[in-house]
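Structure file target.pdb with PDB, C-alpha atoms:
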```pdb
MODEL        1
ATOM      1  CA  MET N   1     -50.818 -10.093  -1.988
ATOM      2  CA  ILE N   2     -52.484 -11.561   1.089
ATOM      3  CA  GLY N   3     -55.661  -9.702   1.993
ATOM      4  CA  ALA N   4     -55.132  -7.072  -0.701
ATOM      5  CA  LEU N   5     -58.794  -6.939  -1.697
ATOM      6  CA  PRO N   6     -61.655  -6.674   0.804
ATOM      7  CA  GLN N   7     -63.907  -9.718   0.808
ATOM      8  CA  PRO N   8     -67.587  -9.882   1.728
ATOM      9  CA  THR N   9     -68.044 -11.278   5.210
ATOM     10  CA  MET N  10     -68.905 -14.952   5.402
ATOM     11  CA  GLN N  11     -70.079 -17.503   7.941
ATOM     12  CA  PHE N  12     -67.668 -20.409   8.494
ATOM     13  CA  LEU N  13     -68.657 -23.542  10.406
ATOM     14  CA  PHE N  14     -65.778 -25.609  11.801
ATOM     15  CA  VAL N  15     -66.529 -29.264  12.495
ATOM     16  CA  ALA N  16     -63.833 -30.111  14.993
ATOM     17  CA  ASP N  17     -62.879 -31.727  18.266
ATOM     18  CA  PRO N  18     -64.202 -30.173  21.501
ATOM     19  CA  LEU N  19     -63.097 -26.545  21.759
ATOM     20  CA  GLU N  20     -62.004 -27.183  25.331
ATOM     21  CA  SER N  21     -59.339 -29.592  24.033
ATOM     22  CA  PHE N  22     -57.606 -27.028  21.788
ATOM     23  CA  ASN N  23     -53.975 -26.166  22.508
ATOM     24  CA  THR N  24     -54.156 -22.639  21.143
ATOM     25  CA  LYS N  25     -50.378 -22.211  21.128
ATOM     26  CA  LYS N  26     -50.099 -24.620  18.211
ATOM     27  CA  ASP N  27     -53.569 -25.599  17.013
ATOM     28  CA  SER N  28     -54.045 -24.995  13.287
ATOM     29  CA  THR N  29     -57.861 -24.924  13.450
ATOM     30  CA  PHE N  30     -57.593 -22.154  16.048
ATOM     31  CA  ALA N  31     -55.228 -20.266  13.707
ATOM     32  CA  MET N  32     -57.772 -20.582  10.882
ATOM     33  CA  MET N  33     -60.554 -19.280  13.136
ATOM     34  CA  ARG N  34     -58.456 -16.350  14.314
ATOM     35  CA  GLU N  35     -57.587 -15.300  10.760
ATOM     36  CA  ALA N  36     -61.201 -15.682   9.632
ATOM     37  CA  GLN N  37     -62.431 -13.454  12.443
ATOM     38  CA  ARG N  38     -59.672 -10.924  11.755
ATOM     39  CA  ARG N  39     -61.128 -10.523   8.264
ATOM     40  CA  GLY N  40     -64.618  -9.952   9.606
ATOM     41  CA  HIS N  41     -66.012 -13.433   8.998
ATOM     42  CA  THR N  42     -68.222 -15.065  11.616
ATOM     43  CA  VAL N  43     -66.917 -18.247  13.200
ATOM     44  CA  PHE N  44     -69.099 -21.154  14.316
ATOM     45  CA  ALA N  45     -68.132 -24.532  15.743
ATOM     46  CA  THR N  46     -69.708 -27.931  16.118
ATOM     47  CA  GLU N  47     -68.638 -31.537  16.697
ATOM     48  CA  PRO N  48     -69.496 -34.557  14.545
ATOM     49  CA  ARG N  49     -71.656 -35.920  17.360
ATOM     50  CA  ASP N  50     -73.846 -32.811  17.106
ATOM     51  CA  ILE N  51     -74.697 -33.333  13.428
ATOM     52  CA  SER N  52     -78.002 -35.042  12.647
ATOM     53  CA  TRP N  53     -80.198 -35.889   9.692
ATOM     54  CA  GLN N  54     -83.879 -36.680   9.890
ATOM     55  CA  VAL N  55     -85.691 -38.166   6.940
ATOM     56  CA  GLY N  56     -87.335 -35.488   4.845
ATOM     57  CA  GLY N  57     -85.221 -32.745   6.388
ATOM     58  CA  LYS N  58     -81.832 -31.163   5.905
ATOM     59  CA  VAL N  59     -78.618 -32.111   7.655
ATOM     60  CA  VAL N  60     -78.416 -29.893  10.733
ATOM     61  CA  ALA N  61     -76.047 -29.361  13.629
ATOM     62  CA  GLN N  62     -76.123 -27.816  17.062
ATOM     63  CA  VAL N  63     -73.696 -24.961  16.412
ATOM     64  CA  ARG N  64     -71.958 -22.473  18.684
ATOM     65  CA  ALA N  65     -71.358 -18.936  17.449
ATOM     66  CA  LEU N  66     -67.957 -17.803  18.710
ATOM     67  CA  ARG N  67     -66.101 -14.596  19.365
ATOM     68  CA  LEU N  68     -62.373 -15.085  19.784
ATOM     69  CA  THR N  69     -61.068 -13.008  22.665
ATOM     70  CA  GLY N  70     -57.370 -12.725  21.796
ATOM     71  CA  ASP N  71     -56.441 -14.539  25.010
ATOM     72  CA  LEU N  72     -54.742 -17.904  24.509
ATOM     73  CA  HIS N  73     -56.306 -19.441  27.633
ATOM     74  CA  ASP N  74     -59.887 -18.185  27.737
ATOM     75  CA  TRP N  75     -59.759 -17.932  23.979
ATOM     76  CA  TYR N  76     -63.417 -17.744  22.972
ATOM     77  CA  GLU N  77     -66.795 -16.517  24.079
ATOM     78  CA  GLU N  78     -69.940 -18.357  23.085
ATOM     79  CA  VAL N  79     -72.297 -15.696  21.739
ATOM     80  CA  GLY N  80     -75.095 -17.998  20.644
ATOM     81  CA  VAL N  81     -76.204 -21.616  20.292
ATOM     82  CA  ALA N  82     -78.710 -22.854  17.740
ATOM     83  CA  GLN N  83     -79.630 -25.761  15.533
ATOM     84  CA  GLN N  84     -78.898 -24.782  11.946
ATOM     85  CA  ALA N  85     -78.715 -26.443   8.545
ATOM     86  CA  LEU N  86     -75.169 -26.905   7.286
ATOM     87  CA  ALA N  87     -76.246 -25.554   3.920
ATOM     88  CA  ASP N  88     -76.907 -22.173   5.552
ATOM     89  CA  PHE N  89     -73.179 -21.502   6.023
ATOM     90  CA  ASP N  90     -70.837 -20.088   3.404
ATOM     91  CA  ALA N  91     -68.362 -22.864   4.148
ATOM     92  CA  VAL N  92     -68.182 -25.946   6.340
ATOM     93  CA  LEU N  93     -64.660 -27.000   7.310
ATOM     94  CA  MET N  94     -64.220 -30.621   8.356
ATOM     95  CA  ARG N  95     -61.371 -30.497  10.876
ATOM     96  CA  LYS N  96     -62.027 -33.532  13.074
ATOM     97  CA  ASP N  97     -58.797 -35.248  14.069
ATOM     98  CA  PRO N  98     -58.272 -38.953  13.331
ATOM     99  CA  PRO N  99     -58.886 -41.787  13.987
ATOM    100  CA  PHE N 100     -60.776 -42.366  10.774
ATOM    101  CA  ASP N 101     -63.250 -44.670  12.493
ATOM    102  CA  SER N 102     -66.872 -45.598  11.744
ATOM    103  CA  GLU N 103     -68.193 -42.377  13.291
ATOM    104  CA  PHE N 104     -65.887 -40.259  11.129
ATOM    105  CA  PHE N 105     -67.040 -42.236   8.107
ATOM    106  CA  TYR N 106     -70.709 -41.694   8.975
ATOM    107  CA  ALA N 107     -70.057 -37.976   9.481
ATOM    108  CA  THR N 108     -68.619 -37.691   5.975
ATOM    109  CA  HIS N 109     -71.790 -39.243   4.567
ATOM    110  CA  MET N 110     -73.943 -36.660   6.343
ATOM    111  CA  LEU N 111     -71.623 -33.946   5.045
ATOM    112  CA  SER N 112     -72.080 -35.346   1.532
ATOM    113  CA  GLN N 113     -75.830 -35.043   1.967
ATOM    114  CA  ALA N 114     -75.342 -31.472   3.165
ATOM    115  CA  GLU N 115     -73.429 -30.837  -0.072
ATOM    116  CA  ARG N 116     -76.403 -32.089  -2.065
ATOM    117  CA  GLU N 117     -78.471 -29.545  -0.155
ATOM    118  CA  GLY N 118     -76.085 -26.767  -1.173
ATOM    119  CA  ALA N 119     -73.386 -26.796   1.503
ATOM    120  CA  LYS N 120     -69.782 -26.087   0.511
ATOM    121  CA  VAL N 121     -67.598 -28.497   2.492
ATOM    122  CA  PHE N 122     -63.785 -28.410   2.682
ATOM    123  CA  ASN N 123     -62.140 -30.853   2.358
ATOM    124  CA  LYS N 124     -64.837 -32.552   0.293
ATOM    125  CA  PRO N 125     -66.352 -35.479   2.207
ATOM    126  CA  ALA N 126     -66.021 -37.879  -0.732
ATOM    127  CA  ALA N 127     -62.342 -36.951  -1.026
ATOM    128  CA  LEU N 128     -61.843 -37.633   2.691
ATOM    129  CA  ARG N 129     -63.366 -41.084   2.252
ATOM    130  CA  ASP N 130     -61.286 -41.789  -0.849
ATOM    131  CA  HIS N 131     -57.971 -40.752   0.718
ATOM    132  CA  PRO N 132     -57.376 -42.629   3.994
ATOM    133  CA  GLU N 133     -54.228 -40.978   5.241
ATOM    134  CA  LYS N 134     -51.902 -43.961   5.441
ATOM    135  CA  MET N 135     -53.170 -45.634   2.239
ATOM    136  CA  ALA N 136     -53.621 -42.667  -0.121
ATOM    137  CA  VAL N 137     -49.906 -42.461  -0.811
ATOM    138  CA  MET N 138     -49.933 -45.960  -2.359
ATOM    139  CA  GLU N 139     -51.371 -44.434  -5.529
ATOM    140  CA  PHE N 140     -48.075 -42.613  -6.148
ATOM    141  CA  PRO N 141     -45.294 -45.265  -6.135
ATOM    142  CA  GLU N 142     -42.859 -42.901  -7.826
ATOM    143  CA  VAL N 143     -42.597 -40.827  -4.616
ATOM    144  CA  LEU N 144     -42.968 -43.702  -2.158
ATOM    145  CA  GLY N 145     -40.366 -45.963  -0.594
ATOM    146  CA  PRO N 146     -40.869 -49.746  -0.223
ATOM    147  CA  THR N 147     -44.250 -50.146   1.473
ATOM    148  CA  LEU N 148     -46.661 -52.982   2.236
ATOM    149  CA  ILE N 149     -50.232 -52.990   3.554
ATOM    150  CA  THR N 150     -51.434 -56.382   4.694
ATOM    151  CA  ARG N 151     -53.289 -58.432   7.274
ATOM    152  CA  ASN N 152     -51.034 -61.438   6.692
ATOM    153  CA  PRO N 153     -48.282 -61.905   9.317
ATOM    154  CA  GLN N 154     -46.206 -63.971   6.891
ATOM    155  CA  ASP N 155     -46.225 -61.095   4.393
ATOM    156  CA  ILE N 156     -44.842 -58.832   7.116
ATOM    157  CA  ARG N 157     -42.104 -61.323   7.986
ATOM    158  CA  ALA N 158     -41.160 -61.661   4.312
ATOM    159  CA  PHE N 159     -41.003 -57.853   3.958
ATOM    160  CA  HIS N 160     -38.708 -57.700   6.984
ATOM    161  CA  ALA N 161     -36.502 -60.454   5.579
ATOM    162  CA  GLN N 162     -36.130 -58.447   2.365
ATOM    163  CA  HIS N 163     -35.575 -54.971   3.839
ATOM    164  CA  GLN N 164     -34.103 -55.826   7.281
ATOM    165  CA  ASP N 165     -34.893 -52.478   8.948
ATOM    166  CA  ILE N 166     -38.612 -51.644   8.913
ATOM    167  CA  ILE N 167     -41.321 -49.450  10.395
ATOM    168  CA  LEU N 168     -44.735 -50.864  11.321
ATOM    169  CA  LYS N 169     -47.776 -48.682  11.997
ATOM    170  CA  PRO N 170     -51.554 -48.987  12.331
ATOM    171  CA  LEU N 171     -53.646 -47.528   9.497
ATOM    172  CA  ASP N 172     -55.824 -45.444  11.820
ATOM    173  CA  GLY N 173     -53.211 -43.844  14.066
ATOM    174  CA  MET N 174     -52.098 -40.227  14.393
ATOM    175  CA  GLY N 175     -49.339 -38.297  16.111
ATOM    176  CA  GLY N 176     -46.928 -41.220  15.883
ATOM    177  CA  MET N 177     -49.168 -43.467  17.969
ATOM    178  CA  GLY N 178     -48.480 -47.189  17.608
ATOM    179  CA  ILE N 179     -45.372 -46.856  15.404
ATOM    180  CA  PHE N 180     -42.650 -49.490  15.857
ATOM    181  CA  ARG N 181     -39.206 -49.981  14.349
ATOM    182  CA  VAL N 182     -37.712 -53.458  13.921
ATOM    183  CA  GLY N 183     -34.050 -53.811  12.941
ATOM    184  CA  ALA N 184     -32.161 -56.579  11.202
ATOM    185  CA  ASP N 185     -32.175 -58.800  14.299
ATOM    186  CA  GLY N 186     -35.978 -59.001  14.164
ATOM    187  CA  MET N 187     -36.202 -58.303  17.890
ATOM    188  CA  ASN N 188     -39.851 -58.355  19.057
ATOM    189  CA  LEU N 189     -41.206 -58.611  15.500
ATOM    190  CA  GLY N 190     -43.616 -61.373  16.462
ATOM    191  CA  SER N 191     -44.956 -59.468  19.454
ATOM    192  CA  ILE N 192     -45.347 -56.278  17.433
ATOM    193  CA  ILE N 193     -47.213 -58.130  14.678
ATOM    194  CA  GLU N 194     -49.552 -59.626  17.292
ATOM    195  CA  THR N 195     -50.153 -56.185  18.823
ATOM    196  CA  LEU N 196     -50.891 -54.387  15.553
ATOM    197  CA  ASN N 197     -52.344 -57.231  13.495
ATOM    198  CA  GLN N 198     -54.596 -58.737  16.188
ATOM    199  CA  GLN N 199     -54.422 -62.230  14.736
ATOM    200  CA  GLY N 200     -55.235 -61.134  11.214
ATOM    201  CA  ALA N 201     -58.133 -58.854  12.166
ATOM    202  CA  THR N 202     -56.370 -55.543  11.460
ATOM    203  CA  SER N 203     -54.373 -54.328   8.482
ATOM    204  CA  VAL N 204     -50.867 -53.001   9.095
ATOM    205  CA  MET N 205     -48.679 -50.629   7.086
ATOM    206  CA  VAL N 206     -45.053 -51.712   6.842
ATOM    207  CA  GLN N 207     -42.366 -49.476   5.354
ATOM    208  CA  LYS N 208     -38.632 -49.713   4.864
ATOM    209  CA  PHE N 209     -36.890 -47.564   7.477
ATOM    210  CA  LEU N 210     -35.567 -44.344   5.943
ATOM    211  CA  PRO N 211     -32.350 -43.126   7.630
ATOM    212  CA  ALA N 212     -33.151 -39.588   6.449
ATOM    213  CA  ILE N 213     -35.570 -39.399   9.395
ATOM    214  CA  ALA N 214     -32.528 -38.103  11.325
ATOM    215  CA  GLN N 215     -32.944 -34.852   9.348
ATOM    216  CA  GLY N 216     -36.652 -34.778  10.116
ATOM    217  CA  ASP N 217     -40.068 -35.986   9.035
ATOM    218  CA  LYS N 218     -41.076 -32.972   6.949
ATOM    219  CA  ARG N 219     -44.652 -31.707   6.906
ATOM    220  CA  ILE N 220     -45.276 -29.984   3.572
ATOM    221  CA  LEU N 221     -48.556 -28.086   3.421
ATOM    222  CA  ILE N 222     -50.390 -27.778   0.108
ATOM    223  CA  ILE N 223     -53.134 -25.140   0.000
ATOM    224  CA  GLY N 224     -55.333 -24.829  -3.062
ATOM    225  CA  GLY N 225     -52.955 -27.109  -4.946
ATOM    226  CA  LYS N 226     -49.881 -24.966  -4.225
ATOM    227  CA  PRO N 227     -47.187 -25.655  -1.626
ATOM    228  CA  VAL N 228     -46.506 -23.331   1.283
ATOM    229  CA  PRO N 229     -42.885 -22.222   0.709
ATOM    230  CA  TYR N 230     -41.743 -23.549   4.097
ATOM    231  CA  CYS N 231     -42.145 -26.973   5.670
ATOM    232  CA  LEU N 232     -41.759 -28.114   9.263
ATOM    233  CA  ALA N 233     -39.067 -30.761   9.767
ATOM    234  CA  ARG N 234     -40.065 -32.774  12.831
ATOM    235  CA  ILE N 235     -36.800 -34.185  14.158
ATOM    236  CA  PRO N 236     -36.724 -37.184  16.509
ATOM    237  CA  GLN N 237     -35.108 -36.548  19.862
ATOM    238  CA  GLY N 238     -32.845 -38.855  21.845
ATOM    239  CA  ASN N 239     -33.431 -42.528  21.071
ATOM    240  CA  GLU N 240     -36.891 -41.897  19.671
ATOM    241  CA  VAL N 241     -37.527 -43.065  16.094
ATOM    242  CA  ARG N 242     -40.643 -40.907  15.671
ATOM    243  CA  GLY N 243     -40.410 -37.266  14.637
ATOM    244  CA  ASN N 244     -44.056 -36.446  15.385
ATOM    245  CA  LEU N 245     -44.456 -33.388  17.601
ATOM    246  CA  ALA N 246     -46.948 -35.340  19.729
ATOM    247  CA  ALA N 247     -44.181 -37.921  20.318
ATOM    248  CA  GLY N 248     -41.641 -35.310  21.424
ATOM    249  CA  GLY N 249     -40.120 -34.407  18.064
ATOM    250  CA  LYS N 250     -38.544 -30.978  17.599
ATOM    251  CA  GLY N 251     -40.162 -28.861  14.903
ATOM    252  CA  VAL N 252     -37.751 -26.874  12.734
ATOM    253  CA  ALA N 253     -39.203 -24.772   9.912
ATOM    254  CA  GLN N 254     -37.155 -24.626   6.745
ATOM    255  CA  PRO N 255     -37.558 -23.634   3.083
ATOM    256  CA  LEU N 256     -38.732 -26.321   0.712
ATOM    257  CA  SER N 257     -35.906 -28.112  -1.034
ATOM    258  CA  ASP N 258     -35.975 -28.649  -4.784
ATOM    259  CA  SER N 259     -37.049 -32.235  -4.101
ATOM    260  CA  ASP N 260     -39.810 -31.128  -1.724
ATOM    261  CA  ARG N 261     -41.146 -28.677  -4.273
ATOM    262  CA  ALA N 262     -41.043 -31.245  -7.082
ATOM    263  CA  ILE N 263     -43.127 -33.646  -4.981
ATOM    264  CA  ALA N 264     -45.611 -30.924  -4.038
ATOM    265  CA  ASP N 265     -45.867 -29.669  -7.608
ATOM    266  CA  LYS N 266     -46.605 -33.200  -8.784
ATOM    267  CA  LEU N 267     -49.246 -34.138  -6.195
ATOM    268  CA  GLY N 268     -50.798 -30.734  -5.443
ATOM    269  CA  PRO N 269     -52.768 -30.238  -8.685
ATOM    270  CA  ILE N 270     -54.046 -33.824  -8.588
ATOM    271  CA  LEU N 271     -55.262 -33.598  -5.004
ATOM    272  CA  VAL N 272     -56.907 -30.169  -5.243
ATOM    273  CA  ALA N 273     -58.795 -31.298  -8.350
ATOM    274  CA  ARG N 274     -60.289 -34.063  -6.208
ATOM    275  CA  GLY N 275     -61.648 -31.590  -3.664
ATOM    276  CA  LEU N 276     -58.757 -31.478  -1.200
ATOM    277  CA  LEU N 277     -58.228 -27.780  -0.477
ATOM    278  CA  LEU N 278     -55.703 -28.494   2.280
ATOM    279  CA  VAL N 279     -53.242 -31.385   2.331
ATOM    280  CA  GLY N 280     -50.271 -32.194   4.535
ATOM    281  CA  LEU N 281     -47.597 -34.359   2.943
ATOM    282  CA  ASP N 282     -45.233 -36.210   5.283
ATOM    283  CA  VAL N 283     -41.852 -36.545   3.574
ATOM    284  CA  ILE N 284     -38.677 -38.236   4.760
ATOM    285  CA  GLY N 285     -35.725 -37.447   2.513
ATOM    286  CA  ASP N 286     -37.305 -37.545  -0.926
ATOM    287  CA  LYS N 287     -40.029 -40.095  -0.100
ATOM    288  CA  VAL N 288     -43.636 -39.396   0.854
ATOM    289  CA  THR N 289     -44.770 -41.526   3.782
ATOM    290  CA  GLU N 290     -48.325 -40.197   4.323
ATOM    291  CA  ILE N 291     -50.877 -37.863   2.743
ATOM    292  CA  ASN N 292     -52.789 -36.126   5.526
ATOM    293  CA  VAL N 293     -56.244 -34.821   4.579
ATOM    294  CA  THR N 294     -58.414 -34.853   7.719
ATOM    295  CA  SER N 295     -56.892 -32.058   9.803
ATOM    296  CA  PRO N 296     -53.372 -31.140   8.622
ATOM    297  CA  THR N 297     -51.427 -29.113  11.170
ATOM    298  CA  CYS N 298     -48.196 -27.104  11.655
ATOM    299  CA  PHE N 299     -49.639 -23.710  10.606
ATOM    300  CA  GLN N 300     -48.502 -21.918  13.738
ATOM    301  CA  GLU N 301     -45.064 -23.506  14.006
ATOM    302  CA  ILE N 302     -44.187 -22.472  10.453
ATOM    303  CA  GLN N 303     -45.592 -18.963  10.918
ATOM    304  CA  GLN N 304     -43.831 -18.385  14.236
ATOM    305  CA  GLN N 305     -40.433 -19.479  12.926
ATOM    306  CA  THR N 306     -40.474 -17.961   9.437
ATOM    307  CA  GLY N 307     -43.103 -15.210   9.411
ATOM    308  CA  CYS N 308     -44.911 -16.978   6.553
ATOM    309  CA  ASP N 309     -48.584 -16.316   7.277
ATOM    310  CA  VAL N 310     -49.962 -19.793   6.652
ATOM    311  CA  PRO N 311     -53.417 -19.058   8.133
ATOM    312  CA  ALA N 312     -53.790 -16.104   5.748
ATOM    313  CA  LEU N 313     -52.772 -18.254   2.792
ATOM    314  CA  PHE N 314     -55.404 -20.783   3.815
ATOM    315  CA  VAL N 315     -58.228 -18.275   4.303
ATOM    316  CA  ASP N 316     -57.298 -16.674   0.970
ATOM    317  CA  ALA N 317     -57.754 -20.059  -0.700
ATOM    318  CA  LEU N 318     -60.950 -20.752   1.238
ATOM    319  CA  GLU N 319     -62.521 -17.440   0.210
ATOM    320  CA  GLN N 320     -61.604 -18.070  -3.405
ATOM    321  CA  ALA N 321     -63.010 -21.610  -3.278
ATOM    322  CA  VAL N 322     -66.284 -20.399  -1.773
ATOM    323  CA  GLN N 323     -66.663 -17.699  -4.421
ATOM    324  CA  ALA N 324     -65.798 -20.146  -7.204
ATOM    325  CA  ALA N 325     -68.472 -22.540  -5.976
ATOM    326  CA  ALA N 326     -71.149 -19.842  -5.715
TER     327      ALA N 326
ENDMDL
END
```
Please render this file's structure as structure tokens.
Amino acid sequence: MIGALPQPTMQFLFVADPLESFNTKKDSTFAMMREAQRRGHTVFATEPRDISWQVGGKVVAQVRALRLTGDLHDWYEEVGVAQQALADFDAVLMRKDPPFDSEFFYATHMLSQAEREGAKVFNKPAALRDHPEKMAVMEFPEVLGPTLITRNPQDIRAFHAQHQDIILKPLDGMGGMGIFRVGADGMNLGSIIETLNQQGATSVMVQKFLPAIAQGDKRILIIGGKPVPYCLARIPQGNEVRGNLAAGGKGVAQPLSDSDRAIADKLGPILVARGLLLVGLDVIGDKVTEINVTSPTCFQEIQQQTGCDVPALFVDALEQAVQAAA
């Protein structure tokens, strides 16, 4: 039962985007913070740019102690600012949104050093590095549709010739940014390759178009290796091919299908064993298209539509993981 046993209060540091950028009506990091504070834990926040490491010293960050107000607009009060070692916190939650660029990569290395100093970081920094969100799914061909990652334009053209209707996307995008569909006529394929591939400088993911997108691009959340019983089907609107909420998709929460659960039951135990406490699988029909590990979302949409308390499930798992690592 969620929250059945009282837990000792803890200090949680969230490494995230600027607090001022949060959309509290749907932000999952905000939902985590709110649930943590409800249980009596103390919430702190920092940004990757505020983390530093000086030779001979510990990894530190300029952190902000927060009190959430309950108001969705003026949602927090800053009750203190200090430089503090990451190892001093009970848990450090890496919740920085993509892109997975050089600065994100460097931040994970500093978080790995903080782990060596005793910090408990979720998701584990090494696991974040080892599971780039577009590429991680390639390890599991049994749940993946036809997919190609390449820098070679001719490979992309050959893939299109074979599959006729394809999706092209950059490896470092989020929210549906930079996703293109090319049908059997090949209209604009050359221009799209030039835009994404940048004359062979940038790798591109190419996937066979899955007509089941009409029923939604499902976000399945896996917490502590176990699936949340509801997913959020993000359904494209109008002539849009993308279901992403950031691209105007409509989010419809629904129970996991037998196929959804089979996929989650297969991948969940593998991913949690690698240090991924929270994962978001993107599934179209019965095919996984992405494995999201940096800052999986959709907590609030699922909770609001179904009553399933996803933030509580997450903080339950976080408390257990902290205690297990003690």
Please define a box with edges along x, y and z of the file around all atoms of region 44-47 of chain N given in the file, extend it by 5 Å on each side, and return its centre and edge lengths in Å to one decimal, as JSON.
```
{"center_x": -68.9, "center_y": -26.3, "center_z": 15.5, "size_x": 11.6, "size_y": 20.4, "size_z": 12.4}
```
Notebook entry, point to check: Residues at most 9 Å from region 101-103 of chain N, counting all atoms listed in the file, excluding those fewer than 2 positions away in the same chain, as a ChimeraX atom specification?
Noted result: /N:48-49,98-99,105-108,172
Note to self: Could you check the closest approach to Ala31 (chain N) for each of N:Gly70, N:Pro153, N:Gly238, N:Pro227 and tell me which residue wins, using all atoms listed in the file?
What the structure shows: N:Gly70
Check: Smallest atom-to-atom distance to Glu117 (chain N): which of N:His160, N:Lys58, N:His131, N:Lys96, using only C-alpha atoms?
Finding: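 Under the stated criterion, the closest residue is N:Lys58.
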Could you build a table of the residues in region 82-185 of chain N lying no more than 10 Å from region 257-269 of chain N, giving for each the nearest pair of atoms and their separation in Å rounded to one decimal place, using all atoms listed in the file, ordered by chain and ascending residue number, as JSON lines?
```
{"residue": "N:Val137", "atom": "CA", "partner": "N:Leu267", "partner_atom": "CA", "distance": 9.9}
{"residue": "N:Phe140", "atom": "CA", "partner": "N:Leu267", "partner_atom": "CA", "distance": 8.6}
{"residue": "N:Glu142", "atom": "CA", "partner": "N:Ile263", "partner_atom": "CA", "distance": 9.7}
{"residue": "N:Val143", "atom": "CA", "partner": "N:Ile263", "partner_atom": "CA", "distance": 7.2}
```
